[in-house]
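Peer 1: Hey, dropping structure_30.tsv in here, TSV, C-alpha atoms:
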chain	number	residue	atom	x	y	z
C	1	MET	CA	44.02	124.35	47.63
C	2	LYS	CA	45.69	126.78	45.28
C	3	ARG	CA	48.94	124.82	45.51
C	4	LEU	CA	47.15	121.57	44.80
C	5	SER	CA	45.44	122.94	41.73
C	6	SER	CA	48.73	124.41	40.51
C	7	ARG	CA	50.40	120.99	40.89
C	8	LEU	CA	47.55	119.37	39.08
C	9	PHE	CA	47.88	121.93	36.34
C	10	GLN	CA	51.59	121.14	36.03
C	11	ALA	CA	50.95	117.40	35.96
C	12	VAL	CA	48.39	117.53	33.14
C	13	PRO	CA	50.91	118.01	30.28
C	14	LYS	CA	53.02	115.14	31.62
C	15	VAL	CA	50.03	112.82	31.81
C	16	LEU	CA	48.99	113.88	28.32
C	17	LEU	CA	52.50	113.24	27.04
C	18	LEU	CA	52.55	109.78	28.60
C	19	MET	CA	49.17	108.99	27.10
C	20	LEU	CA	50.37	110.18	23.74
C	21	LEU	CA	53.51	108.01	23.97
C	22	TRP	CA	51.51	105.02	25.08
C	23	GLY	CA	49.05	105.63	22.27
C	24	SER	CA	51.83	105.68	19.70
C	25	VAL	CA	53.25	102.40	21.04
C	26	VAL	CA	49.86	100.73	20.86
C	27	ALA	CA	49.21	102.14	17.38
C	28	GLU	CA	52.57	100.92	16.13
C	29	GLU	CA	52.09	97.45	17.59
C	30	GLU	CA	48.61	97.21	16.10
C	31	ALA	CA	49.83	98.37	12.71
C	32	VAL	CA	52.45	95.62	12.70
C	33	SER	CA	50.19	92.86	14.00
C	34	ASN	CA	47.24	93.71	11.76
C	35	SER	CA	49.21	93.96	8.55
C	36	SER	CA	50.83	91.21	6.54
C	37	PHE	CA	54.22	92.53	7.54
C	38	ILE	CA	56.85	89.78	7.54
C	39	PRO	CA	58.92	90.24	10.68
C	40	LEU	CA	62.46	89.09	11.39
C	41	VAL	CA	61.02	86.71	13.96
C	42	GLU	CA	57.66	86.64	15.68
C	43	GLY	CA	57.23	89.83	17.64
C	44	LYS	CA	60.28	91.54	16.15
C	45	PRO	CA	59.44	93.35	12.92
C	46	TYR	CA	62.91	94.82	12.43
C	47	LEU	CA	65.90	96.04	14.35
C	48	HIS	CA	68.55	98.70	14.10
C	49	VAL	CA	72.30	98.28	14.25
C	50	ILE	CA	75.17	100.69	13.92
C	51	HIS	CA	77.18	100.12	10.78
C	52	GLU	CA	80.23	102.32	10.25
C	53	GLY	CA	78.71	104.99	12.46
C	54	ARG	CA	75.27	104.92	10.91
C	55	SER	CA	72.06	103.38	12.04
C	56	VAL	CA	70.89	100.65	9.70
C	57	LYS	CA	67.48	99.07	9.81
C	58	VAL	CA	67.57	95.30	9.42
C	59	GLN	CA	64.43	93.84	7.92
C	60	ARG	CA	63.17	91.22	5.51
C	61	VAL	CA	62.00	91.52	1.94
C	62	GLN	CA	58.24	92.00	2.16
C	63	ASP	CA	57.36	90.55	-1.23
C	64	PRO	CA	56.20	86.93	-0.65
C	65	ALA	CA	56.88	86.16	-4.32
C	66	TYR	CA	60.49	87.25	-4.05
C	67	GLU	CA	63.04	84.61	-5.10
C	68	LEU	CA	66.73	84.75	-4.41
C	69	LYS	CA	68.81	84.96	-7.59
C	70	GLY	CA	72.49	85.10	-8.37
C	71	TYR	CA	75.53	83.65	-6.72
C	72	PHE	CA	73.98	82.85	-3.36
C	73	ALA	CA	71.08	81.01	-4.96
C	74	ARG	CA	73.46	78.41	-6.37
C	75	THR	CA	73.12	74.97	-4.86
C	76	ALA	CA	76.58	73.61	-5.59
C	77	ARG	CA	80.14	74.73	-5.81
C	78	LYS	CA	83.41	72.96	-6.39
C	79	CYS	CA	84.29	70.68	-3.47
C	80	PRO	CA	86.96	70.99	-2.21
C	81	PRO	CA	87.28	73.74	-1.21
C	82	PHE	CA	83.59	74.73	-1.02
C	83	CYS	CA	82.38	71.60	0.75
C	84	ILE	CA	79.43	71.55	3.16
C	85	LYS	CA	80.77	72.14	6.62
C	86	PRO	CA	79.67	70.44	9.86
C	87	ILE	CA	77.28	72.22	12.20
C	88	SER	CA	80.09	72.90	14.64
C	89	ALA	CA	83.17	74.92	13.73
C	90	ALA	CA	85.12	73.73	16.76
C	91	ASP	CA	84.62	72.01	20.10
C	92	ASP	CA	82.77	74.14	22.66
C	93	VAL	CA	82.02	76.89	20.14
C	94	ALA	CA	78.27	77.30	19.85
C	95	THR	CA	76.63	77.59	16.47
C	96	ILE	CA	73.82	80.09	16.14
C	97	ALA	CA	70.98	80.74	13.71
C	98	GLU	CA	69.22	83.92	12.64
C	99	PRO	CA	67.07	84.54	15.77
C	100	GLU	CA	70.17	84.37	17.97
C	101	MET	CA	71.90	86.74	15.55
C	102	PHE	CA	69.10	89.26	15.98
C	103	GLU	CA	69.32	88.96	19.75
C	104	PHE	CA	73.07	89.44	19.60
C	105	MET	CA	72.70	92.49	17.36
C	106	GLU	CA	70.19	94.10	19.67
C	107	ASN	CA	72.06	93.38	22.87
C	108	GLU	CA	75.76	92.55	23.00
C	109	LEU	CA	76.58	94.34	19.76
C	110	ARG	CA	74.56	97.44	20.61
C	111	ASP	CA	76.02	97.61	24.12
C	112	GLY	CA	79.59	97.20	22.95
C	113	LEU	CA	79.97	93.81	24.61
C	114	GLY	CA	80.21	91.92	21.34
C	115	MET	CA	81.58	92.13	17.83
C	116	LEU	CA	80.12	90.82	14.62
C	117	ILE	CA	82.96	89.65	12.41
C	118	ASP	CA	82.76	89.12	8.69
C	119	ALA	CA	85.65	86.69	8.43
C	120	ARG	CA	85.75	86.71	4.62
C	121	THR	CA	88.48	88.30	2.58
C	122	LYS	CA	88.10	91.98	1.73
C	123	LYS	CA	86.95	91.30	-1.83
C	124	TRP	CA	83.90	89.50	-0.47
C	125	PHE	CA	83.26	92.10	2.19
C	126	ASP	CA	83.35	94.89	-0.38
C	127	LYS	CA	80.50	93.26	-2.29
C	128	GLY	CA	78.20	93.52	0.69
C	129	THR	CA	78.06	92.49	4.31
C	130	ILE	CA	75.61	91.88	7.14
C	131	PRO	CA	74.85	95.19	8.87
C	132	GLY	CA	76.91	95.78	11.98
C	133	SER	CA	79.80	93.61	10.79
C	134	VAL	CA	83.45	94.53	10.76
C	135	ASN	CA	85.76	92.87	8.29
C	136	ILE	CA	88.58	90.85	9.84
C	137	PRO	CA	89.52	88.24	7.25
C	138	PHE	CA	90.31	84.71	8.35
C	139	THR	CA	93.81	85.22	6.96
C	140	GLU	CA	94.39	87.72	9.76
C	141	LEU	CA	92.85	85.59	12.47
C	142	SER	CA	94.85	82.56	11.40
C	143	LYS	CA	98.18	84.20	12.14
C	144	GLU	CA	100.52	82.73	14.72
C	145	PRO	CA	99.32	83.34	18.31
C	146	GLY	CA	102.48	85.25	19.20
C	147	SER	CA	102.47	87.41	16.10
C	148	GLU	CA	102.06	91.16	16.32
C	149	GLU	CA	98.89	91.09	14.22
C	150	MET	CA	97.21	88.49	16.37
C	151	GLN	CA	98.09	90.38	19.53
C	152	LYS	CA	96.58	93.49	18.01
C	153	TYR	CA	93.32	91.66	17.36
C	154	LEU	CA	93.21	90.05	20.78
C	155	LYS	CA	93.55	93.51	22.33
C	156	LEU	CA	90.86	94.85	20.01
C	157	PHE	CA	88.52	92.13	21.24
C	158	GLY	CA	89.12	93.14	24.84
C	159	GLY	CA	91.88	90.73	25.81
C	160	LYS	CA	94.47	92.03	28.28
C	161	LYS	CA	98.07	90.96	28.32
C	162	ARG	CA	99.22	89.46	31.59
C	163	ASP	CA	102.44	88.23	33.03
C	164	ALA	CA	101.33	85.56	35.44
C	165	GLY	CA	103.89	83.99	37.72
C	166	SER	CA	104.15	80.23	38.10
C	167	LEU	CA	102.56	80.36	41.55
C	168	GLU	CA	99.57	82.30	40.24
C	169	LEU	CA	99.18	79.86	37.35
C	170	ALA	CA	99.42	76.88	39.65
C	171	MET	CA	96.78	78.34	41.94
C	172	GLU	CA	94.50	78.98	38.99
C	173	GLN	CA	94.97	75.44	37.79
C	174	LEU	CA	94.13	74.12	41.23
C	175	GLY	CA	91.04	76.29	41.31
C	176	LEU	CA	92.28	78.33	44.23
C	177	MET	CA	92.21	81.46	42.08
C	178	ASP	CA	89.85	82.41	39.28
C	179	GLY	CA	91.54	81.19	36.12
C	180	LYS	CA	88.50	81.22	33.90
C	181	HIS	CA	89.13	82.98	30.61
C	182	LYS	CA	92.81	83.34	31.42
C	183	THR	CA	95.86	81.91	29.74
C	184	GLU	CA	99.48	82.27	30.69
C	185	LYS	CA	99.76	85.44	28.61
C	186	TRP	CA	96.22	86.74	28.28
C	187	ASP	CA	93.29	87.65	30.44
C	188	PHE	CA	90.09	87.32	28.44
C	189	SER	CA	87.70	87.77	31.33
C	190	GLU	CA	86.47	91.09	29.93
C	191	ALA	CA	86.85	90.13	26.29
C	192	LYS	CA	83.93	90.57	23.91
C	193	THR	CA	81.65	87.88	22.60
C	194	LEU	CA	82.47	87.37	18.96
C	195	VAL	CA	80.10	86.17	16.27
C	196	LEU	CA	81.96	85.02	13.19
C	197	TRP	CA	80.37	84.30	9.87
C	198	CYS	CA	81.26	83.91	6.19
C	199	ASN	CA	79.46	82.86	3.01
C	200	GLY	CA	77.34	80.08	4.46
C	201	PRO	CA	77.28	76.39	5.27
C	202	ALA	CA	79.79	75.60	2.51
C	203	CYS	CA	82.24	78.28	3.52
C	204	GLY	CA	85.40	77.52	5.43
C	205	GLN	CA	86.58	81.05	6.08
C	206	SER	CA	84.93	81.66	9.45
C	207	PRO	CA	85.71	78.15	10.79
C	208	ARG	CA	89.35	78.85	9.98
C	209	ALA	CA	89.18	82.18	11.78
C	210	ILE	CA	87.53	80.53	14.78
C	211	ASN	CA	90.23	77.91	14.98
C	212	GLY	CA	92.88	80.62	14.72
C	213	LEU	CA	91.32	82.44	17.65
C	214	LEU	CA	91.12	79.28	19.73
C	215	LYS	CA	94.76	78.57	18.97
C	216	ALA	CA	95.59	82.02	20.31
C	217	GLY	CA	93.76	81.16	23.55
C	218	TYR	CA	90.51	83.06	22.97
C	219	PRO	CA	87.83	81.39	25.14
C	220	ALA	CA	85.51	79.10	23.18
C	221	ASP	CA	82.50	80.26	25.17
C	222	LYS	CA	83.06	83.80	23.94
C	223	ILE	CA	82.92	82.74	20.29
C	224	LEU	CA	79.76	82.06	18.31
C	225	TYR	CA	79.57	80.65	14.80
C	226	TYR	CA	76.83	81.87	12.51
C	227	ARG	CA	76.97	78.98	10.06
C	228	GLY	CA	74.13	80.24	7.86
C	229	GLY	CA	76.30	83.17	6.84
C	230	MET	CA	75.58	85.35	3.85
C	231	GLN	CA	73.69	82.62	1.99
C	232	MET	CA	71.03	82.08	4.67
C	233	TRP	CA	70.91	85.78	5.50
C	234	LEU	CA	69.97	86.55	1.91
C	235	LEU	CA	67.72	83.51	1.58
C	236	PHE	CA	65.56	84.88	4.38
C	237	GLY	CA	65.49	88.22	2.60
C	238	MET	CA	67.45	90.26	5.10
C	239	ASN	CA	69.19	93.35	3.80
C	240	ILE	CA	72.92	93.80	3.48
C	241	VAL	CA	75.12	96.88	3.30
C	242	THR	CA	78.20	97.91	1.41
C	243	SER	CA	81.11	99.88	2.78
C	244	LYS	CA	81.48	103.60	2.24
J	1	MET	CA	117.15	39.06	4.30
J	2	SER	CA	119.12	41.93	2.82
J	3	ASP	CA	119.59	39.92	-0.38
J	4	LEU	CA	115.84	39.44	-0.61
J	5	LEU	CA	115.28	43.18	-0.10
J	6	LYS	CA	117.91	43.94	-2.75
J	7	THR	CA	116.21	41.59	-5.20
J	8	ILE	CA	112.78	43.17	-4.59
J	9	THR	CA	113.97	46.78	-4.87
J	10	SER	CA	115.97	46.09	-7.98
J	11	SER	CA	113.10	44.39	-9.78
J	12	ALA	CA	111.44	46.25	-12.63
J	13	THR	CA	107.96	45.62	-11.19
J	14	PHE	CA	108.92	47.28	-7.94
J	15	ARG	CA	110.35	50.31	-9.71
J	16	ARG	CA	107.25	50.66	-11.85
J	17	SER	CA	104.98	50.40	-8.80
J	18	LEU	CA	107.05	52.97	-6.96
J	19	ALA	CA	106.82	55.34	-9.91
J	20	VAL	CA	103.02	54.91	-10.03
J	21	VAL	CA	102.72	55.64	-6.31
J	22	ILE	CA	104.83	58.79	-6.66
J	23	VAL	CA	102.80	60.00	-9.63
J	24	LEU	CA	99.56	59.37	-7.72
J	25	LEU	CA	100.80	61.23	-4.66
J	26	VAL	CA	101.89	64.21	-6.71
J	27	SER	CA	98.62	64.39	-8.63
J	28	MET	CA	96.39	64.15	-5.54
J	29	PRO	CA	94.27	67.27	-5.02
J	30	VAL	CA	95.97	68.63	-1.93
J	31	ILE	CA	94.83	72.18	-1.19
J	32	SER	CA	97.35	74.32	0.57
J	33	ALA	CA	96.43	77.53	2.39
J	34	ASP	CA	97.60	79.59	-0.59
J	35	ASP	CA	95.55	77.53	-3.03
J	36	TYR	CA	92.51	77.93	-0.82
J	37	LEU	CA	92.92	81.67	-0.77
J	38	THR	CA	93.37	81.77	-4.53
J	39	GLU	CA	90.21	79.73	-5.03
J	40	ILE	CA	88.01	81.81	-2.76
J	41	GLU	CA	89.31	85.05	-4.23
J	42	ALA	CA	88.61	83.76	-7.73
J	43	GLU	CA	85.06	82.92	-6.65
J	44	THR	CA	84.27	86.60	-5.97
J	45	VAL	CA	84.27	87.23	-9.72
J	46	LYS	CA	81.15	85.08	-9.98
J	47	LEU	CA	79.41	87.30	-7.46
J	48	ASP	CA	78.88	90.28	-9.76
J	49	PRO	CA	76.04	89.02	-11.95
J	50	GLY	CA	73.92	88.09	-8.97
J	51	LEU	CA	74.01	91.41	-7.20
J	52	SER	CA	70.72	92.79	-8.46
J	53	TYR	CA	69.11	91.98	-5.12
J	54	GLU	CA	71.69	93.79	-3.07
J	55	LYS	CA	71.58	96.87	-5.27
J	56	GLN	CA	68.04	97.73	-4.26
J	57	PRO	CA	68.20	100.68	-1.91
J	58	VAL	CA	66.77	100.16	1.51
J	59	GLY	CA	67.26	103.39	3.41
J	60	ALA	CA	65.11	105.60	1.24
J	61	SER	CA	62.73	102.91	0.17
J	62	SER	CA	59.54	101.36	1.41
J	63	ASP	CA	59.61	98.27	3.59
J	64	ASN	CA	59.20	96.07	0.55
J	65	THR	CA	62.79	96.15	-0.56
J	66	ALA	CA	66.11	95.22	0.85
J	67	GLY	CA	69.69	95.95	-0.02
J	68	GLN	CA	72.28	98.59	0.51
J	69	VAL	CA	71.93	101.23	3.14
J	70	SER	CA	71.20	104.65	1.78
J	71	GLU	CA	73.52	107.56	2.40
J	72	SER	CA	70.52	109.44	3.73
J	73	GLU	CA	70.55	107.36	6.91
J	74	SER	CA	71.10	110.11	9.39
J	75	ARG	CA	69.87	111.90	12.47
J	76	GLU	CA	66.31	111.30	11.46
J	77	ASN	CA	66.91	107.57	11.56
J	78	PHE	CA	68.76	107.82	14.83
J	79	GLU	CA	65.84	109.66	16.39
J	80	LYS	CA	63.43	107.14	15.01
J	81	TRP	CA	65.53	104.32	16.41
J	82	LEU	CA	65.80	106.00	19.81
J	83	GLN	CA	62.08	106.58	19.86
J	84	GLU	CA	61.32	102.98	18.95
J	85	LYS	CA	63.78	101.25	21.20
J	86	TYR	CA	64.47	103.57	24.10
J	87	ARG	CA	61.34	105.58	24.57
J	88	GLY	CA	62.33	106.91	27.98
J	89	SER	CA	65.62	108.31	26.71
J	90	PHE	CA	63.83	109.72	23.71
J	91	VAL	CA	61.42	111.68	25.88
J	92	PHE	CA	64.35	113.50	27.50
J	93	TYR	CA	66.18	113.77	24.19
J	94	SER	CA	63.20	115.41	22.54
J	95	LYS	CA	63.24	118.15	25.15
J	96	LEU	CA	66.85	119.09	24.41
J	97	PRO	CA	67.83	122.11	22.33
J	98	GLN	CA	69.07	121.46	18.80
J	99	ARG	CA	72.77	121.80	19.60
J	100	SER	CA	72.51	119.21	22.40
J	101	ARG	CA	70.63	116.85	20.12
J	102	GLU	CA	73.35	117.27	17.55
J	103	GLU	CA	75.95	116.47	20.20
J	104	VAL	CA	74.14	113.24	21.15
J	105	PHE	CA	73.83	112.30	17.50
J	106	GLN	CA	77.54	112.92	16.93
J	107	GLN	CA	78.37	110.60	19.82
J	108	TYR	CA	76.06	108.01	18.31
J	109	THR	CA	77.72	108.22	14.90
J	110	GLN	CA	81.08	107.75	16.58
J	111	GLY	CA	79.82	104.46	17.94
J	112	ALA	CA	79.13	105.45	21.56
J	113	ASP	CA	77.05	102.86	23.37
J	114	LEU	CA	73.69	103.53	24.91
J	115	LYS	CA	75.06	104.16	28.41
J	116	VAL	CA	77.11	107.08	27.09
J	117	LEU	CA	74.20	108.44	25.07
J	118	ARG	CA	71.87	108.23	28.05
J	119	LYS	CA	74.37	110.03	30.26
J	120	THR	CA	74.79	112.85	27.77
J	121	ILE	CA	71.04	113.14	27.31
J	122	VAL	CA	70.41	113.35	31.06
J	123	ASP	CA	73.35	115.72	31.64
J	124	ARG	CA	72.21	118.09	28.92
J	125	TYR	CA	68.63	117.85	30.13
J	126	LEU	CA	69.65	118.85	33.65
J	127	GLN	CA	71.88	121.66	32.36
J	128	ARG	CA	69.10	123.27	30.33
Render the structure in this file as structure tokens.

Peer 2:
Amino acid sequence: MKRLSSRLFQAVPKVLLLMLLWGSVVAEEEAVSNSSFIPLVEGKPYLHVIHEGRSVKVQRVQDPAYELKGYFARTARKCPPFCIKPISAADDVATIAEPEMFEFMENELRDGLGMLIDARTKKWFDKGTIPGSVNIPFTELSKEPGSEEMQKYLKLFGGKKRDAGSLELAMEQLGLMDGKHKTEKWDFSEAKTLVLWCNGPACGQSPRAINGLLKAGYPADKILYYRGGMQMWLLFGMNIVTSK
Amino acid sequence: MSDLLKTITSSATFRRSLAVVIVLLVSMPVISADDYLTEIEAETVKLDPGLSYEKQPVGASSDNTAGQVSESESRENFEKWLQEKYRGSFVFYSKLPQRSREEVFQQYTQGADLKVLRKTIVDRYLQR
């Protein structure tokens, strides 16, 4: 009896703590649903990403009267080179919109299974970027597949160099061995999912980077193209960050 | 046949047409990779006047603004994030002594993923 009451006594703080935690979750959810808070998407008020070692909260401008001004509010630019680009950057490379970006940021990016790449030149990047992005300009990702720079990037993305023999390659081609995500020189089976973006639908920088990666053998199904880019990101009132 | 070709190529009309074609080809707006780079780099100059939006601080502000991340983003934000997203881990984290919390935060700032953070949190919790 004594033991039972002692156990009960020990369990009380834990139960209270759980109730407190549950209460705070409910309170937070109610606060968000009852207010006029403008979420990223329905059910997701904001999210956090790591940017250069710091946690950054991604959210939308809450002022419904807010209007985008400045460079990214412009409707037209000289064409070429700033012509409206097709929805697809390359065959078999999926194009994503903002909700998929948020999912990516909260999952693959957070878990280290993906990389968010700002494929614009450094001058653009320095003016502000989407939180969680790293700057790898398209000029770098358009280098020759065999070049030292490209090899460095492929390794950074999780590609592993391989020296497959002709028998192994033949077996992979015949489907007798797993050849998915493998080329003659690279094994991309553990490579990261990459999301590439640039200034928006009239920007050619990320499509060029994507095509450079494909040329180097990077698997198309591990590349995603965020066509909306900086322009749509800002149009929806999401915040950006600048480098240290 | 070769005489006919000779007559055509030596005619003034042909030469004039050839010259026009060459001039047209040269003046066509062909954008090389270098030109493209020059053009996009030049475009960044136009970006400056429109940066008022981005200059609004977000980190230290209310939820009504957006823009650059504040330098004050720190352990407080990390803890808030952990509490919001990974409540279970946060419960253990909140029971750790300050030095262990600092260690977890340092790992976080160095870009460690959640698996690593969780392991450290649990290890330190068990070593208390």

Peer 1: Please find the residues of chain C near chain J - the criterion being any atom within 8 Å, counting only C-alpha atoms - and write them as number ranges by chain.

Peer 2: C: 48, 50, 52-57, 59-63, 68-72, 81, 110-112, 121, 123-124, 127-128, 237-242

Peer 1: Let's have the selection written as a short mmCIF file (atom, residue, chain, number, x, y, z; two decimals), in the frame of the given file, with C-alpha atoms.

Peer 2:
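Output below, filename again_12.cif:
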data_model
loop_
_atom_site.label_atom_id
_atom_site.label_comp_id
_atom_site.auth_asym_id
_atom_site.auth_seq_id
_atom_site.Cartn_x
_atom_site.Cartn_y
_atom_site.Cartn_z
CA HIS C 48 68.55 98.70 14.10
CA ILE C 50 75.17 100.69 13.92
CA GLU C 52 80.23 102.32 10.25
CA GLY C 53 78.71 104.99 12.46
CA ARG C 54 75.27 104.92 10.91
CA SER C 55 72.06 103.38 12.04
CA VAL C 56 70.89 100.65 9.70
CA LYS C 57 67.48 99.07 9.81
CA GLN C 59 64.43 93.84 7.92
CA ARG C 60 63.17 91.22 5.51
CA VAL C 61 62.00 91.52 1.94
CA GLN C 62 58.24 92.00 2.16
CA ASP C 63 57.36 90.55 -1.23
CA LEU C 68 66.73 84.75 -4.41
CA LYS C 69 68.81 84.96 -7.59
CA GLY C 70 72.49 85.10 -8.37
CA TYR C 71 75.53 83.65 -6.72
CA PHE C 72 73.98 82.85 -3.36
CA PRO C 81 87.28 73.74 -1.21
CA ARG C 110 74.56 97.44 20.61
CA ASP C 111 76.02 97.61 24.12
CA GLY C 112 79.59 97.20 22.95
CA THR C 121 88.48 88.30 2.58
CA LYS C 123 86.95 91.30 -1.83
CA TRP C 124 83.90 89.50 -0.47
CA LYS C 127 80.50 93.26 -2.29
CA GLY C 128 78.20 93.52 0.69
CA GLY C 237 65.49 88.22 2.60
CA MET C 238 67.45 90.26 5.10
CA ASN C 239 69.19 93.35 3.80
CA ILE C 240 72.92 93.80 3.48
CA VAL C 241 75.12 96.88 3.30
CA THR C 242 78.20 97.91 1.41
#

Peer 1: Using only C-alpha atoms, which residues sit within 8 Å of Gly114 in chain C once same-chain residues fewer than 3 positions away are excluded, as a ChimeraX atom specification?

Peer 2: /C:104,108-111,192-195

Peer 1: Output C-alpha atoms of each residue in that selection to a file, as a PDB file, keeping the file's coordinate frame.

Peer 2:
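As written to disk, part.pdb reads:
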ATOM      1  CA  PHE C 104      73.070  89.440  19.600  1.00  0.00           C
ATOM      2  CA  GLU C 108      75.760  92.550  23.000  1.00  0.00           C
ATOM      3  CA  LEU C 109      76.580  94.340  19.760  1.00  0.00           C
ATOM      4  CA  ARG C 110      74.560  97.440  20.610  1.00  0.00           C
ATOM      5  CA  ASP C 111      76.020  97.610  24.120  1.00  0.00           C
ATOM      6  CA  LYS C 192      83.930  90.570  23.910  1.00  0.00           C
ATOM      7  CA  THR C 193      81.650  87.880  22.600  1.00  0.00           C
ATOM      8  CA  LEU C 194      82.470  87.370  18.960  1.00  0.00           C
ATOM      9  CA  VAL C 195      80.100  86.170  16.270  1.00  0.00           C
TER      10      VAL C 195
END

Peer 1: Do you have the CA of Thr183 in chain C-CA of Ile136 in chain C distance handy?

Peer 2: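 We find that CA of Thr183 in chain C and CA of Ile136 in chain C lie 23.0 Å from each other.
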
Peer 1: Write out as a list of chain:residue names each polymer residue whose atoms come within 10 Å of Pro137 in chain C, counting all atoms listed in the file; drop sequence neighbours fewer than 2 positions from it.

Peer 2: C:Ile117, C:Asp118, C:Ala119, C:Arg120, C:Thr121, C:Lys122, C:Lys123, C:Trp124, C:Phe125, C:Val134, C:Asn135, C:Thr139, C:Glu140, C:Leu141, C:Ser142, C:Cys198, C:Gln205, C:Ser206, C:Arg208, C:Ala209

Peer 1: Counting all atoms listed in the file, what is within 8 Å of Asp221 in chain C, bar same-chain residues fewer than 6 positions away, as a PyMOL selection string?

Peer 2: chain C and resi 92-94
